[in-house]
$ cat start.txt   # compact mmCIF, C-alpha atoms
# COMPACT_ATOMS: atom_id res chain seq x y z
CA ASP X 1 0.00 0.00 0.00
CA GLN X 2 1.39 3.36 -1.05
CA GLN X 3 1.06 5.72 1.87
CA VAL X 4 2.54 8.62 -0.07
CA LYS X 5 1.55 9.13 -3.69
CA GLN X 6 2.68 11.48 -6.39
CA ASN X 7 0.15 10.92 -9.12
CA SER X 8 1.90 12.92 -11.82
CA PRO X 9 5.00 11.08 -13.01
CA SER X 10 6.12 14.03 -15.09
CA LEU X 11 5.63 17.74 -15.58
CA SER X 12 6.83 20.08 -18.30
CA VAL X 13 6.87 23.84 -17.78
CA GLN X 14 8.24 26.90 -19.52
CA GLU X 15 11.11 28.78 -17.91
CA GLY X 16 9.80 31.61 -15.76
CA ARG X 17 6.42 30.01 -15.17
CA ILE X 18 5.18 28.27 -12.04
CA SER X 19 5.73 24.56 -11.41
CA ILE X 20 3.20 22.89 -9.14
CA LEU X 21 3.92 19.42 -7.83
CA ASN X 22 1.33 17.48 -5.87
CA CYS X 23 1.51 14.80 -3.22
CA ASP X 24 -1.20 12.88 -1.38
CA TYR X 25 -0.85 10.76 1.74
CA THR X 26 -3.11 8.32 3.51
CA ASN X 27 -1.54 7.88 6.94
CA SER X 28 -3.05 10.39 9.38
CA MET X 29 -0.10 9.80 11.74
CA PHE X 30 2.25 11.62 9.39
CA ASP X 31 3.13 14.98 10.90
CA TYR X 32 6.19 16.16 9.01
CA PHE X 33 6.63 16.44 5.29
CA LEU X 34 9.64 17.05 3.11
CA TRP X 35 10.49 17.59 -0.52
CA TYR X 36 13.69 16.27 -2.03
CA LYS X 37 15.18 16.99 -5.42
CA LYS X 38 17.22 14.45 -7.33
CA TYR X 39 19.50 14.81 -10.32
CA PRO X 40 20.60 11.75 -12.34
CA ALA X 41 23.41 9.74 -10.78
CA GLU X 42 23.18 11.73 -7.55
CA GLY X 43 21.43 11.19 -4.26
CA PRO X 44 18.30 13.10 -3.28
CA THR X 45 18.96 16.50 -1.73
CA PHE X 46 16.70 18.14 0.79
CA LEU X 47 14.70 21.07 -0.55
CA ILE X 48 12.05 22.22 1.91
CA SER X 49 9.89 20.84 4.71
CA ILE X 50 6.72 21.59 6.62
CA SER X 51 5.36 20.55 9.97
CA SER X 52 1.72 19.62 10.35
CA ILE X 53 1.18 22.61 12.64
CA LYS X 54 1.68 24.88 9.64
CA ASP X 55 -0.10 25.16 6.33
CA LYS X 56 2.60 26.97 4.40
CA ASN X 57 6.36 27.25 4.37
CA GLU X 58 8.36 29.39 1.99
CA ASP X 59 12.04 29.39 1.09
CA GLY X 60 13.01 31.64 -1.78
CA ARG X 61 11.43 30.35 -4.97
CA PHE X 62 10.03 27.29 -3.22
CA THR X 63 6.79 27.16 -1.24
CA VAL X 64 5.15 24.10 0.25
CA PHE X 65 1.46 24.08 1.11
CA LEU X 66 -0.16 21.55 3.40
CA ASN X 67 -3.87 20.75 3.53
CA LYS X 68 -4.25 18.33 6.43
CA SER X 69 -7.97 17.76 5.98
CA ALA X 70 -7.39 16.67 2.40
CA LYS X 71 -4.12 14.90 3.24
CA HIS X 72 -2.53 16.79 0.42
CA LEU X 73 0.58 18.87 -0.03
CA SER X 74 2.00 20.72 -2.94
CA LEU X 75 5.29 22.31 -3.92
CA HIS X 76 5.30 25.53 -5.90
CA ILE X 77 8.41 26.68 -7.73
CA VAL X 78 8.26 30.27 -8.92
CA PRO X 79 9.80 31.21 -11.25
CA SER X 80 10.92 27.89 -12.69
CA GLN X 81 14.47 27.73 -14.02
CA PRO X 82 16.18 25.20 -16.31
CA GLY X 83 18.32 24.09 -13.37
CA ASP X 84 15.15 22.98 -11.61
CA SER X 85 14.81 20.12 -14.09
CA ALA X 86 15.07 17.07 -11.86
CA VAL X 87 12.98 14.42 -10.13
CA TYR X 88 11.16 15.67 -7.05
CA PHE X 89 10.20 13.35 -4.22
CA CYS X 90 7.66 14.02 -1.54
CA ALA X 91 8.35 12.30 1.81
CA ALA X 92 6.53 12.01 5.12
CA SER X 93 7.34 10.98 8.66
CA GLY X 94 5.19 10.34 11.69
CA ALA X 95 5.48 9.47 15.33
CA ALA X 96 8.45 7.26 14.58
CA GLY X 97 10.17 10.44 13.61
CA ASN X 98 13.07 9.19 11.67
CA LYS X 99 11.41 6.88 9.20
CA LEU X 100 10.67 8.59 5.91
CA THR X 101 8.09 7.24 3.48
CA PHE X 102 8.69 8.49 -0.05
CA GLY X 103 6.36 9.07 -2.95
CA GLY X 104 7.23 7.75 -6.38
CA GLY X 105 8.61 11.04 -7.65
CA THR X 106 7.68 13.59 -10.33
CA ARG X 107 10.07 14.35 -13.14
CA VAL X 108 10.11 18.07 -13.91
CA LEU X 109 11.41 19.47 -17.18
CA VAL X 110 11.82 23.23 -17.41
CA LYS X 111 12.11 24.36 -21.01
CA PRO X 112 14.20 27.44 -21.81
CA ASP D 1 32.41 19.54 4.46
CA ALA D 2 32.30 16.05 3.02
CA GLY D 3 28.86 14.62 2.52
CA VAL D 4 27.78 11.01 2.86
CA ILE D 5 30.26 8.84 0.98
CA GLN D 6 29.25 5.55 -0.57
CA SER D 7 31.38 2.94 -2.27
CA PRO D 8 31.52 1.49 -4.76
CA ARG D 9 29.50 3.73 -7.09
CA HIS D 10 28.83 0.81 -9.41
CA GLU D 11 28.92 -2.89 -8.80
CA VAL D 12 28.31 -5.63 -11.33
CA THR D 13 28.48 -9.20 -10.15
CA GLU D 14 27.08 -12.60 -10.86
CA MET D 15 24.16 -14.19 -9.14
CA GLY D 16 25.14 -16.04 -5.99
CA GLN D 17 28.09 -13.81 -5.16
CA GLU D 18 28.38 -11.82 -1.95
CA VAL D 19 27.99 -8.08 -2.32
CA THR D 20 29.13 -5.52 0.23
CA LEU D 21 28.11 -1.88 0.01
CA ARG D 22 29.83 0.69 2.16
CA CYS D 23 28.83 4.00 3.66
CA LYS D 24 30.58 6.76 5.58
CA PRO D 25 28.06 9.11 7.17
CA ILE D 26 28.59 12.81 7.80
CA SER D 27 30.74 13.31 10.87
CA GLY D 28 28.63 14.02 13.95
CA HIS D 29 25.45 12.53 12.53
CA ASP D 30 23.87 10.02 14.87
CA TYR D 31 21.41 8.43 12.47
CA LEU D 32 22.23 6.32 9.46
CA PHE D 33 19.74 4.98 6.94
CA TRP D 34 19.93 2.48 4.08
CA TYR D 35 17.46 2.83 1.19
CA ARG D 36 16.87 0.94 -2.02
CA GLN D 37 15.45 2.50 -5.18
CA THR D 38 13.81 0.38 -7.87
CA MET D 39 11.44 1.17 -10.70
CA MET D 40 8.72 -0.99 -9.19
CA ARG D 41 8.91 0.03 -5.54
CA GLY D 42 10.49 3.47 -5.67
CA LEU D 43 12.64 4.62 -2.77
CA GLU D 44 12.15 2.38 0.27
CA LEU D 45 13.81 2.33 3.68
CA LEU D 46 15.61 -0.90 4.47
CA ILE D 47 17.08 -0.26 7.92
CA TYR D 48 18.24 2.57 10.12
CA PHE D 49 20.68 2.96 12.99
CA ASN D 50 20.89 5.36 15.90
CA ASN D 51 24.29 5.67 17.57
CA ASN D 52 25.44 2.55 15.73
CA VAL D 53 22.52 0.46 17.01
CA PRO D 54 19.96 -0.93 14.53
CA ILE D 55 16.58 0.54 15.41
CA ASP D 56 14.27 -0.66 12.69
CA ASP D 57 15.09 -3.33 10.11
CA SER D 58 11.53 -4.04 9.08
CA GLY D 59 12.30 -2.98 5.52
CA MET D 60 15.05 -5.54 5.00
CA PRO D 61 13.60 -7.79 2.33
CA GLU D 62 15.09 -11.16 3.27
CA ASP D 63 17.62 -12.87 5.45
CA ARG D 64 20.04 -12.58 2.58
CA PHE D 65 20.35 -8.92 3.51
CA SER D 66 22.29 -7.78 6.56
CA ALA D 67 23.60 -4.42 7.74
CA LYS D 68 26.15 -3.46 10.34
CA MET D 69 27.51 -0.29 11.83
CA PRO D 70 30.69 -1.15 13.74
CA ASN D 71 31.45 2.48 14.53
CA ALA D 72 30.08 5.98 14.05
CA SER D 73 31.87 6.51 10.76
CA PHE D 74 31.20 3.32 8.85
CA SER D 75 28.34 1.05 7.85
CA THR D 76 27.96 -1.88 5.49
CA LEU D 77 25.02 -3.46 3.73
CA LYS D 78 25.69 -7.03 2.68
CA ILE D 79 23.75 -9.30 0.35
CA GLN D 80 24.62 -12.97 0.41
CA PRO D 81 23.84 -14.69 -1.87
CA SER D 82 22.86 -12.03 -4.38
CA GLU D 83 20.03 -12.50 -6.88
CA PRO D 84 19.12 -10.61 -10.08
CA ARG D 85 16.08 -9.07 -8.35
CA ASP D 86 18.46 -7.30 -5.96
CA SER D 87 19.55 -5.08 -8.83
CA ALA D 88 18.78 -1.51 -7.77
CA VAL D 89 20.36 1.71 -6.60
CA TYR D 90 21.19 1.60 -2.91
CA PHE D 91 21.42 4.86 -1.00
CA CYS D 92 22.85 5.62 2.38
CA ALA D 93 21.73 8.71 4.29
CA SER D 94 22.55 10.28 7.64
CA SER D 95 20.97 12.89 9.87
CA PRO D 96 22.09 14.77 12.97
CA ARG D 97 21.43 14.19 16.63
CA GLY D 98 17.77 14.68 17.35
CA GLY D 99 17.01 12.92 14.07
CA GLN D 100 13.30 13.50 14.29
CA ASN D 101 12.34 16.14 11.78
CA GLN D 102 15.94 16.60 10.75
CA PRO D 103 16.44 16.32 6.99
CA GLN D 104 18.40 13.31 5.91
CA HIS D 105 21.51 13.81 3.80
CA PHE D 106 21.97 11.25 1.07
CA GLY D 107 25.03 9.82 -0.60
CA ASP D 108 25.15 9.44 -4.37
CA GLY D 109 24.25 5.77 -4.20
CA THR D 110 25.63 2.46 -5.39
CA ARG D 111 24.18 1.13 -8.62
CA LEU D 112 24.09 -2.65 -8.22
CA SER D 113 23.60 -5.02 -11.12
CA ILE D 114 23.31 -8.74 -10.48
CA LEU D 115 23.68 -10.83 -13.63
$ encode --input "start.txt" --output "structure tokens"
Amino acid sequence: DQQVKQNSPSLSVQEGRISILNCDYTNSMFDYFLWYKKYPAEGPTFLISISSIKDKNEDGRFTVFLNKSAKHLSLHIVPSQPGDSAVYFCAASGAAGNKLTFGGGTRVLVKP
Amino acid sequence: DAGVIQSPRHEVTEMGQEVTLRCKPISGHDYLFWYRQTMMRGLELLIYFNNNVPIDDSGMPEDRFSAKMPNASFSTLKIQPSEPRDSAVYFCASSPRGGQNQPQHFGDGTRLSIL
């Protein structure tokens, strides 16, 4: 059973426009959510996170929104840049704290 | 500062052979994680350690898999005997003391191919 789902396997966006990545989860015990970015042949790198006590967290061009009632979070990248082309993973952790459950990833292509 | 270091980066071996993957976490990090990434199952946690002690190995697929952390700066993931279905990218990650809600830092992975 996939507890964290990213239903869009890929996304293509024009440079300068907004990229919106979505993530849904089923486990109501999850209380901390993270986004990771991954380039080919490299490990995932941490991008941004949000605690369940918040509904929004912003870091430069990246904003994560959390809708607990819908068990849904999204990552907004504004403006998108060619260097943002990568695979983005949503991840969640719960009471166990350290265990991360990852979504399947969304491949983003930013066209110049 | 050096990140998480994994070796080898690539490993190709024949079915039935023993495979040992190595990981050096970031100095000062108390938590170490082993993940496996496959097309079918995505990125899944195999096992994690806190202060060199295995805490949760519920993700280890079979008894053929074992992991050790003899000291704070080194961990191994061993597969014996290896099978073609073990082919995947294996990642090691570490996080600081107070691992809860601390982002994990990943190595660049070992791409394992079992023929």
$ axis_aligned_box --input "start.txt" --around "segment 44-47 of chain X" --padding-each-side "6 Å" --output "lines of an AutoDock Vina configuration file"
center_x = 16.8
center_y = 17.1
center_z = -1.2
size_x = 16.3
size_y = 20.0
size_z = 16.1
$ residues_around --input "start.txt" --residues "Arg22 of chain D" --least-positions-apart "4" --cutoff "9 Å" --atoms "all atoms listed in the file" --output "list of chain:residue names"
D:Ile5, D:Gln6, D:Ser7, D:Pro8, D:Phe74, D:Ser75, D:Thr76, D:Leu77, D:Lys78, D:Cys92, D:Thr110
$ residues_near_point --input "start.txt" --point "(24.7, -13.5, -7.4)" --cutoff "6 Å" --atoms "only C-alpha atoms" --output "count of residues only"
8
$ residues_around --input "start.txt" --residues "segment 46-62 of chain X" --least-positions-apart "6" --cutoff "9 Å" --atoms "all atoms listed in the file" --output "PyMOL selection string"
(chain X and resi 30-38+68+73+75-80) or (chain D and resi 101+103-106)
$ closest_residue --input "start.txt" --among "D:Met60, D:Ala93, D:Leu115, D:Met69" --to "chain X" --atoms "all atoms listed in the file"
D:Ala93
$ decode --input "start.txt" --residues "segment 30-44 of chain X" --atoms "N, CA, C and O atoms" --output "PDB file, in the first residue's frame"
ATOM      1  N   PHE X  30       1.163  10.810   9.934  1.00  0.00           N
ATOM      2  CA  PHE X  30       2.252  11.622   9.389  1.00  0.00           C
ATOM      3  C   PHE X  30       2.109  13.055   9.891  1.00  0.00           C
ATOM      4  O   PHE X  30       1.019  13.642   9.821  1.00  0.00           O
ATOM      5  N   ASP X  31       3.212  13.612  10.399  1.00  0.00           N
ATOM      6  CA  ASP X  31       3.134  14.982  10.903  1.00  0.00           C
ATOM      7  C   ASP X  31       4.285  15.878  10.423  1.00  0.00           C
ATOM      8  O   ASP X  31       4.421  17.012  10.882  1.00  0.00           O
ATOM      9  N   TYR X  32       5.076  15.354   9.537  1.00  0.00           N
ATOM     10  CA  TYR X  32       6.186  16.156   9.010  1.00  0.00           C
ATOM     11  C   TYR X  32       6.416  15.722   7.581  1.00  0.00           C
ATOM     12  O   TYR X  32       6.452  14.525   7.289  1.00  0.00           O
ATOM     13  N   PHE X  33       6.580  16.722   6.718  1.00  0.00           N
ATOM     14  CA  PHE X  33       6.625  16.437   5.291  1.00  0.00           C
ATOM     15  C   PHE X  33       7.809  17.164   4.670  1.00  0.00           C
ATOM     16  O   PHE X  33       8.137  18.290   5.041  1.00  0.00           O
ATOM     17  N   LEU X  34       8.440  16.501   3.726  1.00  0.00           N
ATOM     18  CA  LEU X  34       9.644  17.050   3.107  1.00  0.00           C
ATOM     19  C   LEU X  34       9.561  16.872   1.597  1.00  0.00           C
ATOM     20  O   LEU X  34       8.908  15.958   1.088  1.00  0.00           O
ATOM     21  N   TRP X  35      10.273  17.743   0.914  1.00  0.00           N
ATOM     22  CA  TRP X  35      10.486  17.587  -0.524  1.00  0.00           C
ATOM     23  C   TRP X  35      11.982  17.448  -0.770  1.00  0.00           C
ATOM     24  O   TRP X  35      12.790  18.200  -0.220  1.00  0.00           O
ATOM     25  N   TYR X  36      12.326  16.486  -1.615  1.00  0.00           N
ATOM     26  CA  TYR X  36      13.693  16.268  -2.028  1.00  0.00           C
ATOM     27  C   TYR X  36      13.759  16.414  -3.546  1.00  0.00           C
ATOM     28  O   TYR X  36      12.813  16.098  -4.270  1.00  0.00           O
ATOM     29  N   LYS X  37      14.913  16.825  -3.997  1.00  0.00           N
ATOM     30  CA  LYS X  37      15.182  16.994  -5.423  1.00  0.00           C
ATOM     31  C   LYS X  37      16.306  16.043  -5.788  1.00  0.00           C
ATOM     32  O   LYS X  37      17.266  15.888  -5.020  1.00  0.00           O
ATOM     33  N   LYS X  38      16.189  15.409  -6.949  1.00  0.00           N
ATOM     34  CA  LYS X  38      17.221  14.448  -7.332  1.00  0.00           C
ATOM     35  C   LYS X  38      17.609  14.627  -8.788  1.00  0.00           C
ATOM     36  O   LYS X  38      16.774  14.583  -9.691  1.00  0.00           O
ATOM     37  N   TYR X  39      18.932  14.809  -8.976  1.00  0.00           N
ATOM     38  CA  TYR X  39      19.504  14.812 -10.325  1.00  0.00           C
ATOM     39  C   TYR X  39      19.978  13.409 -10.655  1.00  0.00           C
ATOM     40  O   TYR X  39      20.276  12.613  -9.747  1.00  0.00           O
ATOM     41  N   PRO X  40      20.103  13.084 -11.950  1.00  0.00           N
ATOM     42  CA  PRO X  40      20.595  11.755 -12.340  1.00  0.00           C
ATOM     43  C   PRO X  40      21.961  11.462 -11.745  1.00  0.00           C
ATOM     44  O   PRO X  40      22.820  12.343 -11.651  1.00  0.00           O
ATOM     45  N   ALA X  41      22.142  10.233 -11.325  1.00  0.00           N
ATOM     46  CA  ALA X  41      23.412   9.737 -10.779  1.00  0.00           C
ATOM     47  C   ALA X  41      23.831  10.445  -9.488  1.00  0.00           C
ATOM     48  O   ALA X  41      25.004  10.386  -9.109  1.00  0.00           O
ATOM     49  N   GLU X  42      22.895  11.117  -8.844  1.00  0.00           N
ATOM     50  CA  GLU X  42      23.182  11.734  -7.548  1.00  0.00           C
ATOM     51  C   GLU X  42      22.120  11.280  -6.548  1.00  0.00           C
ATOM     52  O   GLU X  42      21.058  10.784  -6.916  1.00  0.00           O
ATOM     53  N   GLY X  43      22.420  11.487  -5.270  1.00  0.00           N
ATOM     54  CA  GLY X  43      21.431  11.193  -4.258  1.00  0.00           C
ATOM     55  C   GLY X  43      20.430  12.319  -4.125  1.00  0.00           C
ATOM     56  O   GLY X  43      20.673  13.435  -4.573  1.00  0.00           O
ATOM     57  N   PRO X  44      19.272  12.035  -3.525  1.00  0.00           N
ATOM     58  CA  PRO X  44      18.298  13.103  -3.281  1.00  0.00           C
ATOM     59  C   PRO X  44      18.897  14.168  -2.358  1.00  0.00           C
ATOM     60  O   PRO X  44      19.659  13.844  -1.443  1.00  0.00           O
TER      61      PRO X  44
END
